[in-house]
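Pasted below: final_37.txt, compact mmCIF, C-alpha atoms and all ligand atoms.
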# COMPACT_ATOMS: atom_id res chain seq x y z
CA MET A 1141 98.88 51.30 78.99
CA ILE A 1142 100.16 54.55 80.42
CA SER A 1143 103.59 53.22 81.40
CA GLU A 1144 104.02 51.80 77.90
CA ASN A 1145 102.95 55.12 76.32
CA LEU A 1146 105.39 56.93 78.57
CA ARG A 1147 108.20 54.58 77.56
CA GLU A 1148 107.51 55.38 73.91
CA VAL A 1149 107.35 59.12 74.49
CA ARG A 1150 110.62 59.05 76.42
CA GLN A 1151 112.21 57.03 73.64
CA GLU A 1152 111.00 59.56 71.09
CA ILE A 1153 112.42 62.41 73.20
CA GLN A 1154 115.74 60.61 73.39
CA LYS A 1155 115.77 60.04 69.63
CA SER A 1156 114.99 63.67 68.84
CA CYS A 1157 117.65 64.88 71.26
CA ALA A 1158 120.20 62.54 69.70
CA LEU A 1159 119.40 63.89 66.23
CA VAL A 1160 120.52 67.35 67.27
CA ALA A 1161 123.20 66.23 69.73
CA ARG A 1162 121.41 67.44 72.85
CA PRO A 1163 121.45 65.63 76.18
CA THR A 1164 118.10 63.96 76.92
CA ALA A 1165 118.09 65.69 80.29
CA SER A 1166 117.81 69.06 78.56
CA VAL A 1167 114.14 68.33 77.85
CA THR A 1168 111.55 68.28 80.63
CA LEU A 1169 108.44 66.26 79.90
CA VAL A 1170 105.32 67.95 81.25
CA GLY A 1171 102.57 65.35 81.42
CA VAL A 1172 99.37 67.18 80.50
CA THR A 1173 96.67 65.62 82.65
CA LYS A 1174 93.74 67.85 81.71
CA TYR A 1175 91.80 64.95 80.16
CA ALA A 1176 93.06 62.32 82.60
CA SER A 1177 91.18 60.98 85.59
CA LEU A 1178 92.77 61.04 89.02
CA GLU A 1179 93.55 57.33 88.69
CA GLN A 1180 95.24 57.83 85.32
CA THR A 1181 97.19 60.77 86.71
CA LYS A 1182 98.42 58.65 89.62
CA GLU A 1183 99.45 55.96 87.17
CA LEU A 1184 101.50 58.51 85.26
CA ILE A 1185 103.17 59.75 88.44
CA ASN A 1186 103.94 56.22 89.55
CA ALA A 1187 105.49 55.60 86.15
CA GLY A 1188 107.92 58.41 86.91
CA VAL A 1189 106.50 61.72 85.63
CA ARG A 1190 106.89 64.55 88.15
CA HIS A 1191 105.94 67.59 86.05
CA LEU A 1192 102.20 67.87 85.50
CA GLY A 1193 100.24 70.35 83.39
CA GLU A 1194 96.64 71.49 83.83
CA ASN A 1195 94.64 74.17 82.05
CA ARG A 1196 91.61 74.79 84.29
CA ALA A 1197 92.00 76.48 87.66
CA ASP A 1198 89.25 74.62 89.51
CA LYS A 1199 90.19 71.18 88.21
CA PHE A 1200 93.84 71.87 88.93
CA LEU A 1201 93.15 72.77 92.57
CA LEU A 1202 91.09 69.63 93.13
CA LYS A 1203 93.75 67.47 91.54
CA LYS A 1204 96.59 69.02 93.45
CA GLN A 1205 94.74 68.49 96.68
CA ALA A 1206 93.95 64.88 95.80
CA LEU A 1207 97.61 64.26 95.00
CA ALA A 1208 99.01 65.88 98.14
CA ASP A 1209 100.61 62.55 99.09
CA PHE A 1210 103.07 62.99 96.23
CA PRO A 1211 105.22 65.78 97.64
CA ASP A 1212 107.68 66.21 94.80
CA LEU A 1213 105.36 67.26 91.98
CA THR A 1214 105.94 70.35 89.87
CA TRP A 1215 102.77 71.99 88.58
CA HIS A 1216 102.50 73.79 85.28
CA PHE A 1217 99.49 75.90 84.36
CA ILE A 1218 99.33 75.74 80.59
CA GLY A 1219 95.96 77.24 79.68
CA ASN A 1220 94.44 80.62 79.35
CA LEU A 1221 94.30 82.02 82.90
CA GLN A 1222 91.43 84.34 83.70
CA ARG A 1223 92.19 87.26 85.98
CA ARG A 1224 89.56 86.27 88.48
CA LYS A 1225 91.19 82.84 88.89
CA VAL A 1226 94.67 84.19 89.59
CA LYS A 1227 94.20 84.63 93.30
CA SER A 1228 93.21 81.02 93.90
CA ILE A 1229 96.06 79.38 92.03
CA VAL A 1230 99.00 81.77 91.79
CA ASP A 1231 100.77 80.47 94.89
CA GLU A 1232 99.87 76.87 94.05
CA ILE A 1233 101.57 76.55 90.68
CA ASP A 1234 105.27 76.43 89.85
CA TYR A 1235 105.12 77.59 86.23
CA LEU A 1236 102.67 79.59 84.16
CA HIS A 1237 103.02 78.94 80.42
CA SER A 1238 100.49 81.45 79.15
CA LEU A 1239 101.45 84.98 80.18
CA ASP A 1240 100.40 87.21 77.29
CA ASN A 1241 98.97 90.48 78.61
CA LEU A 1242 99.77 93.15 81.19
CA SER A 1243 96.40 92.95 82.85
CA LEU A 1244 97.16 89.33 83.79
CA ALA A 1245 100.68 90.34 84.84
CA GLY A 1246 99.24 93.04 87.09
CA GLU A 1247 96.89 90.60 88.76
CA ILE A 1248 99.75 88.15 89.37
CA GLN A 1249 101.85 90.97 90.82
CA LYS A 1250 99.01 91.88 93.16
CA ARG A 1251 98.12 88.38 94.33
CA ALA A 1252 101.35 86.38 94.40
CA HIS A 1253 103.30 85.99 97.61
CA LYS A 1254 106.34 84.61 95.86
CA GLU A 1255 107.99 84.87 92.49
CA LEU A 1256 106.24 82.94 89.73
CA LYS A 1257 108.15 81.39 86.85
CA CYS A 1258 106.40 82.45 83.68
CA PHE A 1259 106.61 81.69 80.01
CA VAL A 1260 105.53 84.52 77.77
CA GLU A 1261 103.21 83.00 75.19
CA VAL A 1262 103.91 84.29 71.70
CA ASN A 1263 101.56 83.93 68.75
CA VAL A 1264 104.28 83.11 66.25
CA SER A 1265 102.01 81.67 63.59
CA GLY A 1266 99.78 84.74 63.56
CA GLU A 1267 96.62 82.62 63.63
CA GLU A 1268 93.79 84.84 64.77
CA SER A 1269 92.24 82.28 67.08
CA LYS A 1270 95.48 81.77 68.95
CA GLN A 1271 96.35 83.00 72.40
CA GLY A 1272 99.65 84.74 72.81
CA ILE A 1273 101.17 88.12 72.22
CA PRO A 1274 101.89 89.08 68.60
CA VAL A 1275 105.54 88.88 67.60
CA ALA A 1276 105.58 92.61 66.85
CA GLU A 1277 104.64 93.42 70.45
CA PHE A 1278 106.47 90.84 72.46
CA GLU A 1279 109.72 92.73 73.02
CA ASP A 1280 107.92 95.76 74.44
CA PHE A 1281 105.80 93.43 76.54
CA ILE A 1282 108.85 91.81 78.12
CA ALA A 1283 110.42 95.22 78.69
CA ALA A 1284 107.24 96.33 80.47
CA LEU A 1285 107.48 93.38 82.86
CA ALA A 1286 110.59 94.92 84.45
CA GLY A 1287 108.49 96.48 87.17
CA TYR A 1288 106.74 93.26 88.19
CA ASP A 1289 108.95 91.63 90.78
CA LYS A 1290 106.61 88.65 91.25
CA ILE A 1291 107.15 87.60 87.64
CA LYS A 1292 110.27 85.89 86.34
CA VAL A 1293 110.23 85.32 82.60
CA VAL A 1294 111.98 81.96 82.34
CA GLY A 1295 111.21 81.47 78.67
CA LEU A 1296 108.83 81.65 75.75
CA MET A 1297 105.94 79.41 74.82
CA THR A 1298 104.04 78.83 71.60
CA MET A 1299 101.73 76.43 69.84
CA ALA A 1300 102.02 75.41 66.20
CA PRO A 1301 98.90 75.95 64.10
CA PHE A 1302 96.28 73.23 64.28
CA ALA A 1303 96.75 70.56 61.60
CA SER A 1304 100.03 72.02 60.38
CA THR A 1305 102.68 70.11 58.47
CA ALA A 1306 106.03 69.22 60.02
CA ALA A 1307 107.64 71.94 57.90
CA GLU A 1308 105.20 74.56 59.23
CA GLN A 1309 105.74 73.37 62.78
CA ARG A 1310 109.50 73.55 62.33
CA ASP A 1311 109.20 77.08 61.03
CA VAL A 1312 107.13 78.25 64.01
CA PHE A 1313 109.38 76.55 66.57
CA THR A 1314 112.56 77.83 64.97
CA GLN A 1315 111.18 81.36 65.03
CA LEU A 1316 110.35 81.07 68.72
CA ALA A 1317 113.90 79.86 69.41
CA LEU A 1318 115.28 82.96 67.64
CA LEU A 1319 113.00 85.24 69.68
CA ARG A 1320 114.21 83.50 72.84
CA ASP A 1321 117.84 84.07 71.83
CA GLN A 1322 117.07 87.71 71.20
CA ILE A 1323 115.72 88.26 74.73
CA GLN A 1324 118.30 86.04 76.36
CA SER A 1325 121.13 88.06 74.83
CA LYS A 1326 119.88 91.16 76.64
CA ALA A 1327 120.56 89.47 80.00
CA LEU A 1328 117.56 91.12 81.67
CA SER A 1329 117.41 90.38 85.39
CA TRP A 1330 113.64 89.80 85.28
CA ALA A 1331 113.73 87.81 82.05
CA PRO A 1332 116.62 85.34 81.84
CA CYS A 1333 114.49 83.62 79.22
CA HIS A 1334 116.53 80.48 78.67
CA GLU A 1335 113.63 78.03 78.24
CA LEU A 1336 111.37 77.12 75.34
CA SER A 1337 107.97 75.56 76.03
CA MET A 1338 106.85 74.09 72.73
CA GLY A 1339 105.70 70.75 71.38
CA MET A 1340 102.55 68.73 72.08
CA SER A 1341 101.63 65.12 71.30
CA ASN A 1342 101.64 65.60 67.55
CA ASP A 1343 104.72 67.78 67.20
CA TYR A 1344 107.09 67.38 70.17
CA PRO A 1345 109.86 65.63 68.18
CA VAL A 1346 110.02 68.58 65.77
CA ALA A 1347 109.91 71.00 68.70
CA ILE A 1348 112.84 69.26 70.40
CA GLU A 1349 114.87 69.41 67.22
CA ALA A 1350 114.20 73.16 67.17
CA GLY A 1351 115.32 73.55 70.79
CA ALA A 1352 112.33 72.89 73.09
CA THR A 1353 113.32 72.51 76.74
CA PHE A 1354 109.78 71.80 77.98
CA VAL A 1355 107.36 69.67 75.96
CA ARG A 1356 103.70 69.54 76.97
CA VAL A 1357 102.38 66.10 76.13
CA GLY A 1358 98.88 64.86 76.93
CA SER A 1359 97.03 62.54 74.58
CA ALA A 1360 100.12 60.55 73.56
CA LEU A 1361 100.47 59.47 77.20
CA PHE A 1362 96.86 58.60 77.82
CA GLN A 1363 95.77 57.01 74.54
CA GLU A 1364 94.30 53.53 74.77
CA GLU A 1365 95.64 50.38 73.06
C1 LIG A 1401 96.10 70.26 75.91
C2 LIG A 1401 97.34 71.01 75.77
C3 LIG A 1401 98.54 70.35 75.53
C4 LIG A 1401 98.63 68.84 75.31
O1 LIG A 1401 98.03 68.50 74.11
P1 LIG A 1401 98.10 67.02 73.54
O2 LIG A 1401 97.84 67.19 72.11
O3 LIG A 1401 97.04 66.26 74.25
O4 LIG A 1401 99.45 66.49 73.81
C5 LIG A 1401 99.69 71.11 75.46
N1 LIG A 1401 99.66 72.46 75.60
C6 LIG A 1401 98.52 73.12 75.83
C7 LIG A 1401 98.56 74.60 75.97
C8 LIG A 1401 97.32 72.42 75.92
O5 LIG A 1401 96.19 73.10 76.14

Please lay out the structure from this file as structure tokens.
Ligand SMILES: *Cc1c(COP(=O)(O)O)cnc(C)c1O
Amino acid sequence: MISENLREVRQEIQKSCALVARPTASVTLVGVTKYASLEQTKELINAGVRHLGENRADKFLLKKQALADFPDLTWHFIGNLQRRKVKSIVDEIDYLHSLDNLSLAGEIQKRAHKELKCFVEVNVSGEESKQGIPVAEFEDFIAALAGYDKIKVVGLMTMAPFASTAAEQRDVFTQLALLRDQIQSKALSWAPCHELSMGMSNDYPVAIEAGATFVRVGSALFQEE
């Protein structure tokens, strides 16, 4: 049951926060609804989740429209965003978790009518198949975003390698936290960069211990039994 799954995830978040002496409220749970039906999504909202994550522009728009009766939702776009889809969603989402190239930044700048909160996605693990800007380039990338007044870099995002061990996950998440600190210490007006979006169903406890402020959890909320 979704409400039971949610209770367990919240408990796990609380436990991980306690381990590192962080307040539970310092972690925002983004319920990833990309595999969930509309009914399941409503069930999750009714159970108390207000931050929702989607990764396909068309599906997101349909879902948002269908859920218009819930006025207090915050929408996170967590997937690879194609340039040609920017126009249709940029004013409809609250956070973009996957900013990793200037061509996308330019399209957002051109199409957005208000400032968009963005996470710069960093490929910390160096996996070739991964989205995200390489670590070696990410500082220059953030510097280059100075001229884009529609983009506010609120934090960094990453994904641990597929099928990685807890130790490998911890390593990746800890590195992202250090990169975040590095940018944050510059106090850039366009990149306050205080947030860390990291942790999915199989690694969010480790991510929280390493400092995650947004966890993106899907399958753990919607699994059966
Ligand atoms: C699907 C997805 C998630 C959620 O994954 P689960 O393993 O189902 O929790 C989180 N982040 C991104 C970028 C995703 O695409």

Need to verify the contact set: Ser1359 of chain A, 9 Å, only C-alpha atoms, exclusion of same-chain residues closer than 5 positions in sequence. Can you return it as a PyMOL selection string? chain A and resi 1172-1173+1175-1176+1340-1342

Grab all the atoms of ligand LIG 1401 (chain A) that the file lists, wrap them in a box along x, y and z, add 3 Å per side, and give me centre plus edge lengths in Å (one decimal) as lines of an AutoDock Vina configuration file.
center_x = 97.9
center_y = 70.4
center_z = 74.1
size_x = 9.6
size_y = 14.3
size_z = 10.0

Report the closest atom pair, with its distance in Å rounded to one decimal, for each residue of chain A that has an atom no farther than 9 Å from ligand LIG 1401 (chain A); count only C-alpha atoms and all ligand atoms, sort by chain and then rising residue number, and write it as JSON lines.
{"residue": "A:Val1170", "atom": "CA", "partner": "A:LIG1401", "partner_atom": "C5", "distance": 8.7}
{"residue": "A:Gly1171", "atom": "CA", "partner": "A:LIG1401", "partner_atom": "C4", "distance": 8.1}
{"residue": "A:Val1172", "atom": "CA", "partner": "A:LIG1401", "partner_atom": "C4", "distance": 5.5}
{"residue": "A:Thr1173", "atom": "CA", "partner": "A:LIG1401", "partner_atom": "C1", "distance": 8.2}
{"residue": "A:Lys1174", "atom": "CA", "partner": "A:LIG1401", "partner_atom": "C1", "distance": 6.7}
{"residue": "A:Tyr1175", "atom": "CA", "partner": "A:LIG1401", "partner_atom": "O3", "distance": 8.0}
{"residue": "A:Gly1193", "atom": "CA", "partner": "A:LIG1401", "partner_atom": "C5", "distance": 8.0}
{"residue": "A:Glu1194", "atom": "CA", "partner": "A:LIG1401", "partner_atom": "O5", "distance": 7.9}
{"residue": "A:Asn1195", "atom": "CA", "partner": "A:LIG1401", "partner_atom": "O5", "distance": 6.2}
{"residue": "A:Phe1217", "atom": "CA", "partner": "A:LIG1401", "partner_atom": "C7", "distance": 8.5}
{"residue": "A:Ile1218", "atom": "CA", "partner": "A:LIG1401", "partner_atom": "C7", "distance": 4.8}
{"residue": "A:Gly1219", "atom": "CA", "partner": "A:LIG1401", "partner_atom": "C7", "distance": 5.2}
{"residue": "A:Asn1220", "atom": "CA", "partner": "A:LIG1401", "partner_atom": "C7", "distance": 8.0}
{"residue": "A:His1237", "atom": "CA", "partner": "A:LIG1401", "partner_atom": "C7", "distance": 7.7}
{"residue": "A:Ser1238", "atom": "CA", "partner": "A:LIG1401", "partner_atom": "C7", "distance": 7.8}
{"residue": "A:Met1297", "atom": "CA", "partner": "A:LIG1401", "partner_atom": "C7", "distance": 8.9}
{"residue": "A:Thr1298", "atom": "CA", "partner": "A:LIG1401", "partner_atom": "C7", "distance": 8.2}
{"residue": "A:Met1299", "atom": "CA", "partner": "A:LIG1401", "partner_atom": "C7", "distance": 7.1}
{"residue": "A:Ser1337", "atom": "CA", "partner": "A:LIG1401", "partner_atom": "N1", "distance": 8.9}
{"residue": "A:Met1338", "atom": "CA", "partner": "A:LIG1401", "partner_atom": "N1", "distance": 7.9}
{"residue": "A:Gly1339", "atom": "CA", "partner": "A:LIG1401", "partner_atom": "C5", "distance": 7.3}
{"residue": "A:Met1340", "atom": "CA", "partner": "A:LIG1401", "partner_atom": "O4", "distance": 4.2}
{"residue": "A:Ser1341", "atom": "CA", "partner": "A:LIG1401", "partner_atom": "O4", "distance": 3.6}
{"residue": "A:Asn1342", "atom": "CA", "partner": "A:LIG1401", "partner_atom": "O2", "distance": 6.1}
{"residue": "A:Asp1343", "atom": "CA", "partner": "A:LIG1401", "partner_atom": "O2", "distance": 8.5}
{"residue": "A:Tyr1344", "atom": "CA", "partner": "A:LIG1401", "partner_atom": "O4", "distance": 8.5}
{"residue": "A:Val1355", "atom": "CA", "partner": "A:LIG1401", "partner_atom": "C5", "distance": 7.8}
{"residue": "A:Arg1356", "atom": "CA", "partner": "A:LIG1401", "partner_atom": "C5", "distance": 4.6}
{"residue": "A:Val1357", "atom": "CA", "partner": "A:LIG1401", "partner_atom": "O4", "distance": 3.8}
{"residue": "A:Gly1358", "atom": "CA", "partner": "A:LIG1401", "partner_atom": "O3", "distance": 3.5}
{"residue": "A:Ser1359", "atom": "CA", "partner": "A:LIG1401", "partner_atom": "O3", "distance": 3.7}
{"residue": "A:Ala1360", "atom": "CA", "partner": "A:LIG1401", "partner_atom": "O4", "distance": 6.0}
{"residue": "A:Leu1361", "atom": "CA", "partner": "A:LIG1401", "partner_atom": "O4", "distance": 7.9}
{"residue": "A:Phe1362", "atom": "CA", "partner": "A:LIG1401", "partner_atom": "O3", "distance": 8.5}

List every residue of segment 1147-1266 of chain A that has an atom at most 10 Å from any atom of segment 1276-1280 of chain A, and for each one report the closest atom pair and its distance in Å to one decimal, counting all atoms listed in the file, with rows sorted by chain and then by increasing residue number, as a Markdown table.
| residue | atom | partner | partner_atom | distance |
| --- | --- | --- | --- | --- |
| A:Asp1240 | CA | A:Phe1278 | CA | 8.6 |
| A:Asn1241 | CA | A:Phe1278 | CA | 9.7 |
| A:Val1260 | CA | A:Phe1278 | CA | 8.3 |
| A:Glu1261 | CA | A:Phe1278 | CA | 8.9 |
| A:Val1262 | CA | A:Phe1278 | CA | 7.1 |
| A:Asn1263 | CA | A:Phe1278 | CA | 9.3 |
| A:Val1264 | CA | A:Ala1276 | CA | 9.6 |

At a cut-off of 9 Å, using only C-alpha atoms, what residues contact segment 1201-1210 of chain A? Leave out same-chain residues fewer than 6 positions from it and give the result as a list in words.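 The neighbour list is Leu1178, Thr1181, Lys1182, Ile1185, Ser1228, Ile1229 and Glu1232 of chain A.
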
Residues as selected, C-alpha atoms, written as a short mmCIF file (atom, residue, chain, number, x, y, z; two decimals), keeping the file's coordinate frame, can you do that?
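Ended up saving to part.cif:
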data_model
loop_
_atom_site.label_atom_id
_atom_site.label_comp_id
_atom_site.auth_asym_id
_atom_site.auth_seq_id
_atom_site.Cartn_x
_atom_site.Cartn_y
_atom_site.Cartn_z
CA LEU A 1178 92.77 61.04 89.02
CA THR A 1181 97.19 60.77 86.71
CA LYS A 1182 98.42 58.65 89.62
CA ILE A 1185 103.17 59.75 88.44
CA SER A 1228 93.21 81.02 93.90
CA ILE A 1229 96.06 79.38 92.03
CA GLU A 1232 99.87 76.87 94.05
#

Option closest in space to Lys1257 of chain A, from A:Ile1273, A:Ile1291, A:Val1230, A:Leu1242 [counting only C-alpha atoms]: A:Ile1291

Closest of A:Ser1177, A:Thr1164, A:Ser1243, A:Ser1329 to Ala1283 of chain A, counting all atoms listed in the file, is A:Ser1329

Within 7 Å of Cys1333 of chain A, counting only C-alpha atoms, which residues show up once you throw out same-chain ones fewer than 6 positions away? Write them as a list of chain:residue names, please.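 Within the cut-off, the hits are A:Val1293, A:Val1294, A:Gly1295, A:Leu1296, A:Arg1320, A:Ile1323, A:Gln1324.
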
Enter the distance from atom CA of His1216 of chain A to atom CA of Lys1254 of chain A, in Å, rounded to one decimal.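 For atom CA of His1216 of chain A relative to atom CA of Lys1254 of chain A, the distance reads 15.6 Å.
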
Distance in Å - atom CA of Gln1363 of chain A versus atom CA of Glu1179 of chain A: 14.3 Å

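Among the candidates A:Leu1336, A:Ala1317, A:Leu1213, A:Leu1169, the one nearest to Phe1259 of chain A when counting all atoms listed in the file is A:Leu1336.
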
Go through A:Gly1266, A:Arg1251, A:Pro1345, A:Ala1352 one by one, measure the shortest atom-to-atom distance of each to Ile1153 of chain A using all atoms listed in the file, and give the residue with the smallest value. A:Pro1345

Using only C-alpha atoms: which of A:Gly1188, A:Lys1225, A:Lys1290, A:Asp1231 has the shortest distance to Glu1255 of chain A: A:Lys1290

Excluding Ala1165 of chain A and any residue of its chain fewer than 2 positions from it, enumerate the residues within 12 Å of it, using all atoms listed in the file, and give them as a PDB file with C-alpha atoms, in the frame of the given file.
ATOM      1  CA  ARG A1150     110.620  59.050  76.420  1.00  0.00           C
ATOM      2  CA  ILE A1153     112.420  62.410  73.200  1.00  0.00           C
ATOM      3  CA  GLN A1154     115.740  60.610  73.390  1.00  0.00           C
ATOM      4  CA  CYS A1157     117.650  64.880  71.260  1.00  0.00           C
ATOM      5  CA  ALA A1158     120.200  62.540  69.700  1.00  0.00           C
ATOM      6  CA  ALA A1161     123.200  66.230  69.730  1.00  0.00           C
ATOM      7  CA  ARG A1162     121.410  67.440  72.850  1.00  0.00           C
ATOM      8  CA  PRO A1163     121.450  65.630  76.180  1.00  0.00           C
ATOM      9  CA  VAL A1167     114.140  68.330  77.850  1.00  0.00           C
ATOM     10  CA  THR A1168     111.550  68.280  80.630  1.00  0.00           C
ATOM     11  CA  LEU A1169     108.440  66.260  79.900  1.00  0.00           C
ATOM     12  CA  ILE A1348     112.840  69.260  70.400  1.00  0.00           C
ATOM     13  CA  ALA A1352     112.330  72.890  73.090  1.00  0.00           C
ATOM     14  CA  THR A1353     113.320  72.510  76.740  1.00  0.00           C
ATOM     15  CA  PHE A1354     109.780  71.800  77.980  1.00  0.00           C
TER      16      PHE A1354
END

Separation of atom CA of Pro1301 of chain A from atom CA of Gln1180 of chain A in Å: 28.1 Å

Nearest to Leu1328 of chain A among A:Gly1246, A:Gly1351, A:Pro1211, A:Gly1287, with distances taken over all atoms listed in the file: which residue is it?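 Counting all atoms listed in the file, the residue closest to Leu1328 of chain A is A:Gly1287.
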